[in-house]
$ cat coords_10.txt   # compact mmCIF, C-alpha atoms
# COMPACT_ATOMS: atom_id res chain seq x y z
CA MET A 21 14.24 -21.09 15.67
CA HIS A 22 16.10 -18.73 13.37
CA VAL A 23 14.13 -16.39 11.14
CA MET A 24 15.01 -14.07 8.30
CA ILE A 25 13.07 -10.83 8.67
CA ILE A 26 12.44 -8.53 5.74
CA ASN A 27 11.25 -5.03 6.51
CA GLY A 28 9.24 -4.30 3.36
CA SER A 29 8.81 -0.60 4.04
CA PRO A 30 10.09 1.80 1.38
CA ARG A 31 10.65 4.39 4.09
CA VAL A 32 14.23 4.77 5.32
CA LYS A 33 14.91 2.77 8.48
CA LYS A 34 15.20 5.83 10.71
CA TYR A 35 11.60 6.90 10.01
CA SER A 36 10.11 3.45 9.40
CA ASN A 37 7.10 2.65 11.60
CA THR A 38 7.51 -0.98 10.56
CA ASP A 39 11.07 -0.96 11.87
CA LYS A 40 9.92 0.34 15.25
CA ILE A 41 7.27 -2.38 15.37
CA LEU A 42 9.94 -4.96 14.54
CA ALA A 43 12.19 -3.68 17.34
CA LYS A 44 9.52 -4.62 19.89
CA PHE A 45 8.47 -7.79 18.08
CA THR A 46 12.03 -9.14 17.93
CA ALA A 47 12.59 -8.32 21.62
CA GLY A 48 9.76 -10.75 22.38
CA PHE A 49 10.87 -13.24 19.74
CA THR A 50 14.45 -13.51 21.04
CA ALA A 51 13.45 -13.71 24.72
CA GLN A 52 13.21 -17.53 24.46
CA GLY A 53 16.56 -17.92 22.69
CA ASN A 54 15.32 -17.50 19.10
CA THR A 55 17.57 -15.66 16.67
CA PHE A 56 16.97 -13.50 13.62
CA GLU A 57 18.63 -11.55 10.84
CA GLN A 58 16.87 -8.42 9.56
CA TYR A 59 17.01 -6.71 6.18
CA GLU A 60 15.56 -3.44 4.89
CA VAL A 61 14.14 -3.34 1.36
CA SER A 62 14.31 0.48 1.41
CA ASP A 63 18.05 0.33 0.74
CA ARG A 64 18.61 -1.02 -2.77
CA LYS A 65 22.31 -1.43 -2.05
CA HIS A 66 21.39 -4.39 0.16
CA TRP A 67 19.17 -6.23 -2.30
CA ASP A 68 21.92 -8.72 -3.24
CA SER A 69 22.42 -9.58 0.45
CA ILE A 70 18.67 -9.97 0.95
CA ARG A 71 18.42 -12.33 -2.02
CA GLU A 72 21.36 -14.33 -0.70
CA ALA A 73 19.67 -14.62 2.72
CA TRP A 74 16.36 -15.50 1.01
CA ASP A 75 18.03 -18.44 -0.72
CA LYS A 76 19.61 -19.69 2.52
CA ASN A 77 16.72 -19.31 4.98
CA ASP A 78 13.64 -21.48 5.40
CA ASN A 79 11.85 -19.39 8.01
CA ILE A 80 10.90 -15.99 6.64
CA LEU A 81 8.96 -13.16 8.23
CA MET A 82 8.00 -10.21 6.10
CA ALA A 83 6.86 -7.00 7.80
CA ILE A 84 4.79 -4.82 5.49
CA PRO A 85 3.14 -1.41 5.66
CA LEU A 86 -0.07 -1.43 3.62
CA TYR A 87 0.21 0.83 0.56
CA VAL A 88 -3.02 1.29 -1.41
CA GLU A 89 -4.54 -1.99 -0.24
CA ASN A 90 -1.50 -4.13 -1.05
CA LEU A 91 2.30 -4.23 -0.95
CA PRO A 92 4.32 -1.06 -1.55
CA GLY A 93 5.62 -0.77 -5.13
CA LEU A 94 9.23 -1.04 -4.01
CA LEU A 95 8.61 -4.34 -2.23
CA LEU A 96 6.81 -5.71 -5.30
CA GLU A 97 9.83 -4.67 -7.36
CA PHE A 98 12.17 -6.50 -5.00
CA LEU A 99 10.07 -9.67 -4.73
CA ALA A 100 9.94 -9.98 -8.51
CA THR A 101 13.71 -10.56 -8.36
CA VAL A 102 13.82 -13.43 -5.83
CA THR A 103 13.91 -17.09 -6.79
CA PRO A 104 10.77 -18.86 -5.50
CA LYS A 105 11.47 -21.46 -2.82
CA ASP A 106 10.75 -25.17 -3.31
CA GLY A 107 7.69 -25.35 -1.06
CA THR A 108 9.42 -26.39 2.15
CA ALA A 109 10.14 -22.86 3.42
CA LYS A 110 7.67 -21.15 5.74
CA ILE A 111 6.59 -17.55 5.48
CA ALA A 112 4.60 -15.37 7.88
CA TYR A 113 3.75 -11.68 7.73
CA ILE A 114 3.24 -8.64 9.88
CA LEU A 115 0.82 -6.37 8.03
CA GLN A 116 0.37 -2.91 9.47
CA GLY A 117 -1.40 0.24 8.37
CA GLY A 118 -2.65 3.64 9.36
CA PHE A 119 -6.42 3.19 9.49
CA ALA A 120 -7.45 1.63 12.77
CA GLU A 121 -10.00 -0.98 11.70
CA GLY A 122 -8.96 -4.54 10.88
CA SER A 123 -11.27 -4.57 7.87
CA GLN A 124 -9.02 -2.03 6.15
CA LEU A 125 -6.18 -4.56 5.95
CA ARG A 126 -8.09 -7.63 4.77
CA CYS A 127 -7.62 -7.01 1.05
CA GLY A 128 -3.87 -6.89 1.62
CA GLU A 129 -3.99 -9.96 3.84
CA GLU A 130 -5.86 -11.91 1.17
CA TYR A 131 -3.06 -11.20 -1.29
CA LEU A 132 -0.42 -12.46 1.15
CA VAL A 133 -2.00 -15.92 1.14
CA MET A 134 -1.69 -16.01 -2.66
CA LEU A 135 1.77 -14.45 -2.60
CA SER A 136 3.08 -17.22 -0.34
CA LYS A 137 2.25 -19.83 -2.97
CA ARG A 138 3.82 -17.74 -5.71
CA LEU A 139 6.97 -17.48 -3.61
CA GLY A 140 7.00 -21.25 -3.09
CA CYS A 141 6.46 -20.97 0.66
CA GLU A 142 4.05 -22.46 3.15
CA TYR A 143 1.78 -19.70 4.54
CA LYS A 144 2.11 -19.31 8.30
CA GLY A 145 -0.37 -16.52 8.87
CA THR A 146 -0.45 -12.75 9.06
CA LEU A 147 -0.39 -10.56 12.15
CA VAL A 148 -2.80 -7.81 11.15
CA LYS A 149 -3.03 -4.44 12.88
CA GLY A 150 -3.78 -0.86 11.97
CA ASP A 151 -3.69 2.45 13.84
CA ASN A 152 0.08 2.74 13.43
CA PHE A 153 0.34 5.95 11.39
CA SER A 154 1.50 8.10 14.26
CA ILE A 155 4.41 5.92 15.46
CA ARG A 156 7.00 8.12 13.72
CA PHE A 157 5.61 11.21 15.41
CA PHE A 158 5.85 9.73 18.89
CA GLU A 159 8.83 9.15 21.10
CA GLY A 160 9.57 7.33 24.38
CA GLU A 161 6.61 6.09 26.35
CA GLN A 162 4.06 7.43 23.87
CA GLN A 163 5.67 5.39 21.08
CA ASP A 164 6.03 2.34 23.33
CA LYS A 165 2.31 2.44 24.00
CA VAL A 166 1.66 1.78 20.30
CA THR A 167 4.56 -0.56 19.53
CA GLY A 168 4.87 -2.31 22.93
CA PRO A 169 2.05 -4.87 22.37
CA TYR A 170 4.04 -6.32 19.44
CA GLN A 171 6.57 -7.72 21.96
CA LYS A 172 4.01 -10.24 23.21
CA MET A 173 3.24 -11.22 19.62
CA GLY A 174 6.96 -11.80 19.06
CA GLU A 175 6.88 -14.25 21.96
CA VAL A 176 3.87 -16.05 20.50
CA TYR A 177 5.53 -16.30 17.07
CA GLY A 178 8.74 -17.50 18.71
CA ARG A 179 6.79 -20.25 20.44
CA ASN A 180 4.47 -21.31 17.60
CA GLY A 181 6.27 -20.27 14.42
CA ASP A 182 3.02 -18.90 13.03
CA PHE A 183 0.22 -16.36 13.61
CA PHE A 184 -2.69 -18.80 13.72
CA ASP A 185 -3.19 -18.51 17.48
CA ASP A 186 -6.41 -16.86 18.73
CA GLU A 187 -4.25 -14.33 20.56
CA CYS A 188 -2.87 -13.14 17.21
CA LYS A 189 -6.35 -12.86 15.74
CA LYS A 190 -7.53 -10.80 18.71
CA PHE A 191 -4.48 -8.55 18.36
CA THR A 192 -6.09 -6.96 15.27
CA GLY A 193 -8.75 -5.27 17.36
CA PRO A 194 -12.18 -4.38 15.97
CA GLU A 195 -12.99 -5.07 12.32
CA VAL A 196 -15.13 -1.92 12.31
CA PHE A 197 -16.00 0.45 15.10
CA PRO A 198 -19.54 0.41 16.50
CA ALA A 199 -21.69 3.38 15.47
CA HIS A 200 -21.37 5.25 18.79
CA ILE A 201 -17.57 5.00 18.70
CA ARG A 202 -17.56 6.22 15.09
CA PHE A 203 -19.64 9.19 16.20
CA LEU A 204 -17.20 10.04 19.01
CA VAL A 205 -14.09 9.49 16.87
CA GLY A 206 -15.69 11.66 14.16
CA ILE A 207 -15.92 14.48 16.68
CA ILE A 208 -12.30 13.92 17.73
CA PHE A 209 -11.25 14.15 14.05
CA LYS A 210 -13.04 17.47 13.69
CA MET A 211 -12.07 19.01 17.01
CA PHE A 212 -8.60 17.72 17.89
CA ALA A 213 -6.98 15.55 15.21
CA LYS A 214 -6.99 18.39 12.66
CA ASN A 215 -5.11 20.62 15.06
CA GLY A 216 -2.69 17.82 15.86
CA PHE A 217 -1.90 17.34 12.18
CA LYS A 218 -1.57 21.11 11.69
CA LYS A 219 0.92 21.22 14.55
CA ILE A 220 3.02 18.41 13.04
CA ALA A 221 2.89 20.17 9.64
CA LYS A 222 4.04 23.45 11.16
CA GLY A 223 6.93 21.63 12.80
CA TRP A 224 7.87 20.25 9.39
CA GLY A 225 7.97 23.76 7.94
CA CYS A 226 4.63 23.57 6.11
CA ASP A 227 3.34 27.03 5.16
CA LYS A 228 0.10 25.97 3.40
CA PRO A 229 -3.24 24.73 4.69
CA LEU A 230 -3.31 20.92 4.66
CA ASP A 231 -6.21 20.90 2.19
CA TYR A 232 -4.31 23.19 -0.21
CA ARG A 233 -4.88 22.54 -3.93
CA PRO A 234 -1.55 23.16 -5.66
CA TYR A 235 -2.79 22.35 -9.15
CA GLY A 236 -6.03 24.32 -9.06
CA ALA A 237 -8.97 22.12 -10.08
CA MET B 12 -11.94 12.70 -20.26
CA VAL B 13 -10.71 9.12 -19.95
CA LEU B 14 -7.04 9.03 -18.95
CA ILE B 15 -5.19 5.87 -19.95
CA VAL B 16 -1.75 5.37 -18.42
CA ASN B 17 0.18 2.56 -20.06
CA THR B 18 3.01 1.39 -17.80
CA THR B 19 4.02 -1.38 -20.21
CA LYS B 20 6.18 -0.98 -23.28
CA ASP B 21 3.55 -2.66 -25.45
CA THR B 22 1.83 0.14 -27.37
CA SER B 23 -0.36 -2.22 -29.40
CA ILE B 24 -2.90 -2.19 -26.54
CA THR B 25 -3.19 1.58 -26.49
CA LYS B 26 -3.49 1.65 -30.28
CA GLU B 27 -6.38 -0.80 -30.07
CA LEU B 28 -7.97 1.17 -27.22
CA GLN B 29 -7.62 4.36 -29.26
CA ALA B 30 -9.49 2.74 -32.15
CA LEU B 31 -12.21 1.27 -29.92
CA THR B 32 -12.80 4.50 -27.98
CA GLY B 33 -12.63 6.54 -31.18
CA ASN B 34 -15.46 4.47 -32.67
CA LYS B 35 -17.57 5.26 -29.62
CA GLY B 36 -16.68 8.95 -29.50
CA ILE B 37 -15.04 8.64 -26.08
CA GLU B 38 -12.58 11.43 -25.35
CA THR B 39 -9.31 9.88 -24.20
CA GLU B 40 -5.82 10.95 -23.33
CA ILE B 41 -3.15 8.29 -23.48
CA VAL B 42 0.11 8.49 -21.56
CA GLU B 43 2.78 6.04 -22.64
CA ALA B 44 4.60 5.67 -19.33
CA GLY B 45 6.56 2.49 -20.11
CA ASP B 46 9.82 4.38 -20.53
CA MET B 47 9.06 7.23 -18.14
CA LYS B 48 11.02 7.82 -14.98
CA ILE B 49 8.50 7.07 -12.24
CA SER B 50 9.81 6.24 -8.79
CA HIS B 51 8.06 4.25 -6.10
CA CYS B 52 6.36 6.11 -3.23
CA ILE B 53 8.87 6.49 -0.39
CA GLY B 54 6.22 7.04 2.28
CA CYS B 55 7.63 10.39 3.39
CA ASN B 56 4.14 11.87 4.03
CA TYR B 57 5.32 15.24 2.68
CA CYS B 58 2.31 15.36 0.32
CA TRP B 59 0.07 15.37 3.40
CA LEU B 60 2.07 17.29 5.98
CA LYS B 61 4.89 19.37 4.49
CA THR B 62 3.97 20.36 0.93
CA PRO B 63 0.22 19.58 0.88
CA GLY B 64 -0.83 18.06 -2.44
CA VAL B 65 2.69 18.00 -3.87
CA CYS B 66 4.84 14.87 -4.03
CA SER B 67 8.41 15.32 -2.85
CA ILE B 68 9.74 13.14 -5.67
CA LYS B 69 10.47 15.15 -8.79
CA ASP B 70 10.09 12.83 -11.75
CA ASP B 71 7.72 12.17 -14.65
CA TYR B 72 4.80 11.34 -12.35
CA GLU B 73 3.91 14.96 -11.58
CA GLU B 74 2.61 15.58 -15.12
CA ILE B 75 0.52 12.38 -14.93
CA PHE B 76 -0.86 13.41 -11.55
CA LYS B 77 -2.01 16.77 -12.93
CA LYS B 78 -4.01 14.85 -15.55
CA ILE B 79 -5.39 12.38 -12.99
CA ILE B 80 -7.06 15.09 -10.90
CA LYS B 81 -8.89 16.40 -13.98
CA ALA B 82 -9.87 13.03 -15.47
CA ASP B 83 -13.28 11.34 -15.22
CA ASP B 84 -11.70 7.89 -15.46
CA LEU B 85 -8.20 6.64 -14.77
CA TRP B 86 -7.31 3.41 -16.56
CA VAL B 87 -3.94 1.90 -15.80
CA ILE B 88 -2.44 -0.69 -18.11
CA SER B 89 0.01 -2.85 -16.23
CA ASP B 90 2.05 -5.97 -16.66
CA THR B 91 1.72 -8.55 -13.89
CA SER B 92 4.00 -10.25 -11.41
CA LEU B 93 3.32 -12.71 -8.58
CA GLY B 94 -0.38 -12.83 -9.47
CA PHE B 95 -0.83 -9.08 -9.07
CA ILE B 96 0.04 -5.96 -11.07
CA ASP B 97 3.76 -5.36 -11.34
CA TYR B 98 5.64 -2.63 -9.49
CA LYS B 99 5.39 -0.18 -12.38
CA GLY B 100 1.60 -0.35 -12.31
CA LYS B 101 1.49 -0.25 -8.52
CA ASN B 102 3.71 2.83 -8.39
CA ILE B 103 1.05 4.74 -10.35
CA PHE B 104 -1.46 3.96 -7.59
CA ASP B 105 0.92 4.45 -4.65
CA ARG B 106 1.97 7.88 -5.92
CA ILE B 107 -1.66 9.05 -6.15
CA LEU B 108 -1.66 9.84 -2.42
CA PRO B 109 -1.56 13.66 -2.81
CA ILE B 110 -5.14 13.34 -4.12
CA ALA B 111 -6.17 12.89 -0.47
CA THR B 112 -5.58 15.17 2.50
CA MET B 113 -4.29 14.19 5.92
CA TYR B 114 -7.74 14.88 7.35
CA LEU B 115 -9.92 11.93 8.24
CA LYS B 116 -13.62 11.14 8.36
CA PHE B 117 -15.90 8.14 8.51
CA LYS B 118 -17.60 7.10 5.32
CA GLY B 119 -20.06 4.32 6.03
CA ASP B 120 -18.40 2.23 8.70
CA GLN B 121 -14.79 2.87 7.69
CA MET B 122 -12.29 5.67 8.12
CA ARG B 123 -11.30 7.55 4.97
CA HIS B 124 -9.06 10.42 4.09
CA ILE B 125 -10.91 13.56 3.04
CA ALA B 126 -10.38 14.14 -0.70
CA ARG B 127 -8.29 17.17 -1.74
CA TYR B 128 -10.21 17.90 -4.93
CA ASP B 129 -13.87 18.09 -5.81
CA LYS B 130 -13.74 15.01 -7.99
CA SER B 131 -11.67 11.85 -8.16
CA PRO B 132 -11.45 9.66 -11.25
CA ASP B 133 -13.21 6.33 -11.45
CA ILE B 134 -10.67 3.51 -11.57
CA GLY B 135 -10.14 0.76 -14.15
CA LEU B 136 -7.33 -1.69 -14.72
CA ILE B 137 -6.10 -3.60 -17.78
CA VAL B 138 -3.43 -6.24 -17.27
CA THR B 139 -1.24 -7.79 -19.91
CA GLY B 140 -0.08 -10.91 -18.07
CA GLU B 141 -1.36 -13.72 -15.89
CA ALA B 142 -2.92 -12.65 -12.58
CA ASP B 143 -5.68 -13.56 -10.18
CA MET B 144 -8.44 -11.56 -11.88
CA ASP B 145 -11.00 -12.08 -9.10
CA TYR B 146 -8.55 -10.58 -6.64
CA LEU B 147 -7.73 -7.69 -8.97
CA ASP B 148 -11.46 -6.90 -9.29
CA LYS B 149 -11.67 -6.77 -5.51
CA TRP B 150 -8.50 -4.69 -5.27
CA VAL B 151 -9.76 -2.12 -7.80
CA LEU B 152 -12.95 -1.86 -5.78
CA ARG B 153 -10.96 -1.11 -2.62
CA CYS B 154 -8.83 1.45 -4.48
CA ALA B 155 -11.96 3.23 -5.67
CA ILE B 156 -13.31 3.35 -2.10
CA ASN B 157 -10.05 5.00 -1.05
CA PHE B 158 -10.23 7.54 -3.85
CA GLU B 159 -13.93 8.27 -3.23
CA SER B 160 -14.79 7.10 -6.73
CA THR B 161 -16.22 4.11 -8.55
CA ALA B 162 -14.49 0.89 -9.59
CA LEU B 163 -14.72 0.16 -13.30
CA GLY B 164 -13.19 -3.31 -13.05
CA ALA B 165 -10.09 -5.27 -13.95
CA PHE B 166 -9.71 -6.70 -17.45
CA GLY B 167 -7.23 -8.80 -19.35
CA LYS B 168 -5.69 -7.55 -22.59
CA ASP B 169 -8.04 -9.84 -24.53
CA GLU B 170 -11.04 -8.05 -22.97
CA LEU B 171 -10.46 -4.55 -24.32
CA GLU B 172 -13.97 -4.24 -25.79
CA GLU B 173 -15.43 -5.05 -22.39
CA ALA B 174 -13.11 -2.49 -20.76
CA VAL B 175 -14.12 0.19 -23.26
CA SER B 176 -17.79 -0.53 -22.58
CA CYS B 177 -17.08 0.59 -18.98
CA MET B 178 -15.37 3.84 -19.99
$ encode --input "coords_10.txt" --output "structure tokens"
Amino acid sequence: MHVMIINGSPRVKKYSNTDKILAKFTAGFTAQGNTFEQYEVSDRKHWDSIREAWDKNDNILMAIPLYVENLPGLLLEFLATVTPKDGTAKIAYILQGGFAEGSQLRCGEEYLVMLSKRLGCEYKGTLVKGDNFSIRFFEGEQQDKVTGPYQKMGEVYGRNGDFFDDECKKFTGPEVFPAHIRFLVGIIFKMFAKNGFKKIAKGWGCDKPLDYRPYGA
Amino acid sequence: MVLIVNTTKDTSITKELQALTGNKGIETEIVEAGDMKISHCIGCNYCWLKTPGVCSIKDDYEEIFKKIIKADDLWVISDTSLGFIDYKGKNIFDRILPIATMYLKFKGDQMRHIARYDKSPDIGLIVTGEADMDYLDKWVLRCAINFESTALGAFGKDELEEAVSCM
């Protein structure tokens, strides 16, 4: 199986969480002899090549970071320029986001089912998972811990050509956290996560509190 | 104040909205953004972690954002594409991120970002083309949850009276 992969993130490849997810996913996907070609929507200079590949390929995988409950504006802009397929092409999606619960990505997932029809493609499922915000801040083993599980999903997709398997559904994790976990995570937010974010901000040269109000109000 | 941001080049809708809201004594501010330079969000996270509350992209959006944080309602008028709002409309929503902080909390059973300001505008949508309106209603509802505000609904351009009744 050969698949055209579109990284729909507007973030440059170097800092793209989606790209790091795809690196693991494609390692699993190619393990059984499958091949792929990957394109980044973030670089407008490549849009002609992506459209050319879109026209030629019948197996498409789009990897998308959730932006305000749907596709990022840049990806919508790009997709408005492609020629819809004739209904024989297949499309599947990796949908990822920052919030950890699966329920946070369902509105976006629902749109992808509709989008497939609009793009003239047969819908082959969406691999849904959150809790990916911190990938860009991690390196080495710590990053692998978050992105590593995608390798297995790459194998599953390579075998089945879709994300309808139970294993893919389970990959999402909990739809919502049980009350006692929410209580504990709430404490972690207050006690540790704030300091973690402050530390990252300091490293980025931030000299304001993170809840600073630059425009008054 | 009801802020209406028109991302289309069709000003007949805003003229009609002006008349309808005027008749009802609703205070509005209309931004004709169809020809404005408004980039997409590049996902840099600077507005959360480097320059809190300030977008790193310097274009016409900053002036709109300053109005958004003071408005009671934000209504976006957008053209449609692929059954959804088009990229120009979506960019208005994607670039609203500085309204939230990096800090997190649980609201109900879901994680949310803690709001940066004391109030966030309620959200309404008017679309000028063909789209899945049931989905857009749902999407506006989810947006409002994210912005800690209330969804005012999604309306077609032939439903302006209904939209104004929600302002």
$ closest_atom_pairs --input "coords_10.txt" --of "chain A" --to "chain B" --cutoff "7 Å" --atoms "all atoms listed in the file" --output "Markdown table"
| residue | atom | partner | partner_atom | distance |
| --- | --- | --- | --- | --- |
| A:Pro30 | CA | B:Ile53 | CA | 5.2 |
| A:Arg31 | CA | B:Ile53 | CA | 5.3 |
| A:Tyr87 | CA | B:Asp105 | CA | 6.4 |
| A:Val88 | CA | B:Asp105 | CA | 6.0 |
| A:Glu89 | CA | B:Arg153 | CA | 6.9 |
| A:Gly93 | CA | B:Tyr98 | CA | 4.7 |
| A:Leu94 | CA | B:His51 | CA | 5.8 |
| A:Leu96 | CA | B:Tyr98 | CA | 5.3 |
| A:Glu97 | CA | B:Tyr98 | CA | 5.1 |
| A:Ala100 | CA | B:Ser92 | CA | 6.6 |
| A:Phe119 | CA | B:Met122 | CA | 6.5 |
| A:Cys127 | CA | B:Trp150 | CA | 6.8 |
| A:Leu135 | CA | B:Leu93 | CA | 6.4 |
| A:Arg138 | CA | B:Leu93 | CA | 5.8 |
| A:Val196 | CA | B:Asp120 | CA | 6.4 |
| A:Gly206 | CA | B:Lys116 | CA | 6.2 |
| A:Phe209 | CA | B:Leu115 | CA | 6.4 |
| A:Lys214 | CA | B:Tyr114 | CA | 6.4 |
| A:Ala221 | CA | B:Leu60 | CA | 4.7 |
| A:Trp224 | CA | B:Lys61 | CA | 5.8 |
| A:Gly225 | CA | B:Lys61 | CA | 6.4 |
| A:Cys226 | CA | B:Lys61 | CA | 4.5 |
| A:Lys228 | CA | B:Pro63 | CA | 6.9 |
| A:Leu230 | CA | B:Pro63 | CA | 5.3 |
| A:Asp231 | CA | B:Thr112 | CA | 5.8 |
| A:Tyr232 | CA | B:Pro63 | CA | 5.9 |
| A:Arg233 | CA | B:Gly64 | CA | 6.2 |
| A:Pro234 | CA | B:Gly64 | CA | 6.1 |
| A:Tyr235 | CA | B:Lys77 | CA | 6.8 |
| A:Ala237 | CA | B:Tyr128 | CA | 6.8 |
$ write_last_selection --input "coords_10.txt" --atoms "C-alpha atoms" --output "PDB file, in the frame of the given file"
ATOM      1  CA  PRO A  30      10.090   1.800   1.380  1.00  0.00           C
ATOM      2  CA  ARG A  31      10.650   4.390   4.090  1.00  0.00           C
ATOM      3  CA  TYR A  87       0.210   0.830   0.560  1.00  0.00           C
ATOM      4  CA  VAL A  88      -3.020   1.290  -1.410  1.00  0.00           C
ATOM      5  CA  GLU A  89      -4.540  -1.990  -0.240  1.00  0.00           C
ATOM      6  CA  GLY A  93       5.620  -0.770  -5.130  1.00  0.00           C
ATOM      7  CA  LEU A  94       9.230  -1.040  -4.010  1.00  0.00           C
ATOM      8  CA  LEU A  96       6.810  -5.710  -5.300  1.00  0.00           C
ATOM      9  CA  GLU A  97       9.830  -4.670  -7.360  1.00  0.00           C
ATOM     10  CA  ALA A 100       9.940  -9.980  -8.510  1.00  0.00           C
ATOM     11  CA  PHE A 119      -6.420   3.190   9.490  1.00  0.00           C
ATOM     12  CA  CYS A 127      -7.620  -7.010   1.050  1.00  0.00           C
ATOM     13  CA  LEU A 135       1.770 -14.450  -2.600  1.00  0.00           C
ATOM     14  CA  ARG A 138       3.820 -17.740  -5.710  1.00  0.00           C
ATOM     15  CA  VAL A 196     -15.130  -1.920  12.310  1.00  0.00           C
ATOM     16  CA  GLY A 206     -15.690  11.660  14.160  1.00  0.00           C
ATOM     17  CA  PHE A 209     -11.250  14.150  14.050  1.00  0.00           C
ATOM     18  CA  LYS A 214      -6.990  18.390  12.660  1.00  0.00           C
ATOM     19  CA  ALA A 221       2.890  20.170   9.640  1.00  0.00           C
ATOM     20  CA  TRP A 224       7.870  20.250   9.390  1.00  0.00           C
ATOM     21  CA  GLY A 225       7.970  23.760   7.940  1.00  0.00           C
ATOM     22  CA  CYS A 226       4.630  23.570   6.110  1.00  0.00           C
ATOM     23  CA  LYS A 228       0.100  25.970   3.400  1.00  0.00           C
ATOM     24  CA  LEU A 230      -3.310  20.920   4.660  1.00  0.00           C
ATOM     25  CA  ASP A 231      -6.210  20.900   2.190  1.00  0.00           C
ATOM     26  CA  TYR A 232      -4.310  23.190  -0.210  1.00  0.00           C
ATOM     27  CA  ARG A 233      -4.880  22.540  -3.930  1.00  0.00           C
ATOM     28  CA  PRO A 234      -1.550  23.160  -5.660  1.00  0.00           C
ATOM     29  CA  TYR A 235      -2.790  22.350  -9.150  1.00  0.00           C
ATOM     30  CA  ALA A 237      -8.970  22.120 -10.080  1.00  0.00           C
TER      31      ALA A 237
END
$ residues_around --input "coords_10.txt" --residues "Leu115 (chain A)" --least-positions-apart "4" --cutoff "9 Å" --atoms "all atoms listed in the file" --output "JSON, numbers by chain"
{"A": [38, 82, 83, 84, 85, 86, 125, 128, 129, 146, 147, 148, 149, 150]}
$ residues_around --input "coords_10.txt" --residues "Ile49 (chain B)" --least-positions-apart "2" --cutoff "7 Å" --atoms "all atoms listed in the file" --output "NGL selection string"
:B and (47 or 51 or 70-72)
$ atom_distance --input "coords_10.txt" --atom1 "CA of Asn34 (chain B)" --atom2 "CA of Met12 (chain B)"
15.3 Å
$ residues_around --input "coords_10.txt" --residues "Tyr143 (chain A)" --least-positions-apart "5" --cutoff "7 Å" --atoms "all atoms listed in the file" --output "MDAnalysis selection string"
chainID A and resid 110:112 133 136
$ atom_distance --input "coords_10.txt" --atom1 "CA of Glu43 (chain B)" --atom2 "CA of Val87 (chain B)"
10.4 Å
$ closest_residue --input "coords_10.txt" --among "B:Ile88, B:Ile15, B:Asp21, B:Gly164" --to "Ser176 (chain B)" --atoms "all atoms listed in the file"
B:Gly164
$ axis_aligned_box --input "coords_10.txt" --around "region 212-231 of chain A" --padding-each-side "5 Å" --output "JSON"
{"center_x": -0.3, "center_y": 21.3, "center_z": 10.0, "size_x": 26.6, "size_y": 21.5, "size_z": 25.7}
$ atom_distance --input "coords_10.txt" --atom1 "CA of Leu95 (chain A)" --atom2 "CA of Ser29 (chain A)"
7.3 Å
$ residues_around --input "coords_10.txt" --residues "Thr22 (chain B)" --least-positions-apart "2" --cutoff "12 Å" --atoms "only C-alpha atoms" --output "list in words"
Ile15, Val16, Asn17, Thr18, Thr19, Lys20, Ile24, Thr25, Lys26, Glu27, Leu28, Gln29, Ile41, Val42, Glu43, Ala44, Gly45, Asp46, Ile88, Ser89, Thr139 and Lys168 of chain B
$ build_atoms --input "coords_10.txt" --residues "region 133-143 of chain B" --atoms "N, CA and C atoms" --output "PDB file, keeping the file's coordinate frame"
ATOM      1  N   ASP B 133     -12.863   7.737 -11.613  1.00  0.00           N
ATOM      2  CA  ASP B 133     -13.210   6.330 -11.450  1.00  0.00           C
ATOM      3  C   ASP B 133     -12.011   5.494 -11.935  1.00  0.00           C
ATOM      4  N   ILE B 134     -11.902   4.285 -11.369  1.00  0.00           N
ATOM      5  CA  ILE B 134     -10.670   3.510 -11.570  1.00  0.00           C
ATOM      6  C   ILE B 134     -10.911   2.216 -12.351  1.00  0.00           C
ATOM      7  N   GLY B 135     -10.109   2.015 -13.395  1.00  0.00           N
ATOM      8  CA  GLY B 135     -10.140   0.760 -14.150  1.00  0.00           C
ATOM      9  C   GLY B 135      -8.738   0.234 -14.361  1.00  0.00           C
ATOM     10  N   LEU B 136      -8.645  -1.063 -14.599  1.00  0.00           N
ATOM     11  CA  LEU B 136      -7.330  -1.690 -14.720  1.00  0.00           C
ATOM     12  C   LEU B 136      -7.345  -2.673 -15.902  1.00  0.00           C
ATOM     13  N   ILE B 137      -6.283  -2.615 -16.695  1.00  0.00           N
ATOM     14  CA  ILE B 137      -6.100  -3.600 -17.780  1.00  0.00           C
ATOM     15  C   ILE B 137      -4.731  -4.247 -17.562  1.00  0.00           C
ATOM     16  N   VAL B 138      -4.718  -5.571 -17.499  1.00  0.00           N
ATOM     17  CA  VAL B 138      -3.430  -6.240 -17.270  1.00  0.00           C
ATOM     18  C   VAL B 138      -3.036  -7.065 -18.483  1.00  0.00           C
ATOM     19  N   THR B 139      -1.729  -7.127 -18.698  1.00  0.00           N
ATOM     20  CA  THR B 139      -1.240  -7.790 -19.910  1.00  0.00           C
ATOM     21  C   THR B 139      -0.724  -9.199 -19.645  1.00  0.00           C
ATOM     22  N   GLY B 140      -0.608  -9.573 -18.369  1.00  0.00           N
ATOM     23  CA  GLY B 140      -0.080 -10.910 -18.070  1.00  0.00           C
ATOM     24  C   GLY B 140      -1.040 -11.706 -17.215  1.00  0.00           C
ATOM     25  N   GLU B 141      -0.537 -12.828 -16.706  1.00  0.00           N
ATOM     26  CA  GLU B 141      -1.360 -13.720 -15.890  1.00  0.00           C
ATOM     27  C   GLU B 141      -1.482 -13.144 -14.477  1.00  0.00           C
ATOM     28  N   ALA B 142      -2.684 -13.150 -13.941  1.00  0.00           N
ATOM     29  CA  ALA B 142      -2.920 -12.650 -12.580  1.00  0.00           C
ATOM     30  C   ALA B 142      -4.204 -13.258 -12.047  1.00  0.00           C
ATOM     31  N   ASP B 143      -4.426 -13.106 -10.763  1.00  0.00           N
ATOM     32  CA  ASP B 143      -5.680 -13.560 -10.180  1.00  0.00           C
ATOM     33  C   ASP B 143      -6.721 -12.463 -10.423  1.00  0.00           C
TER      34      ASP B 143
END
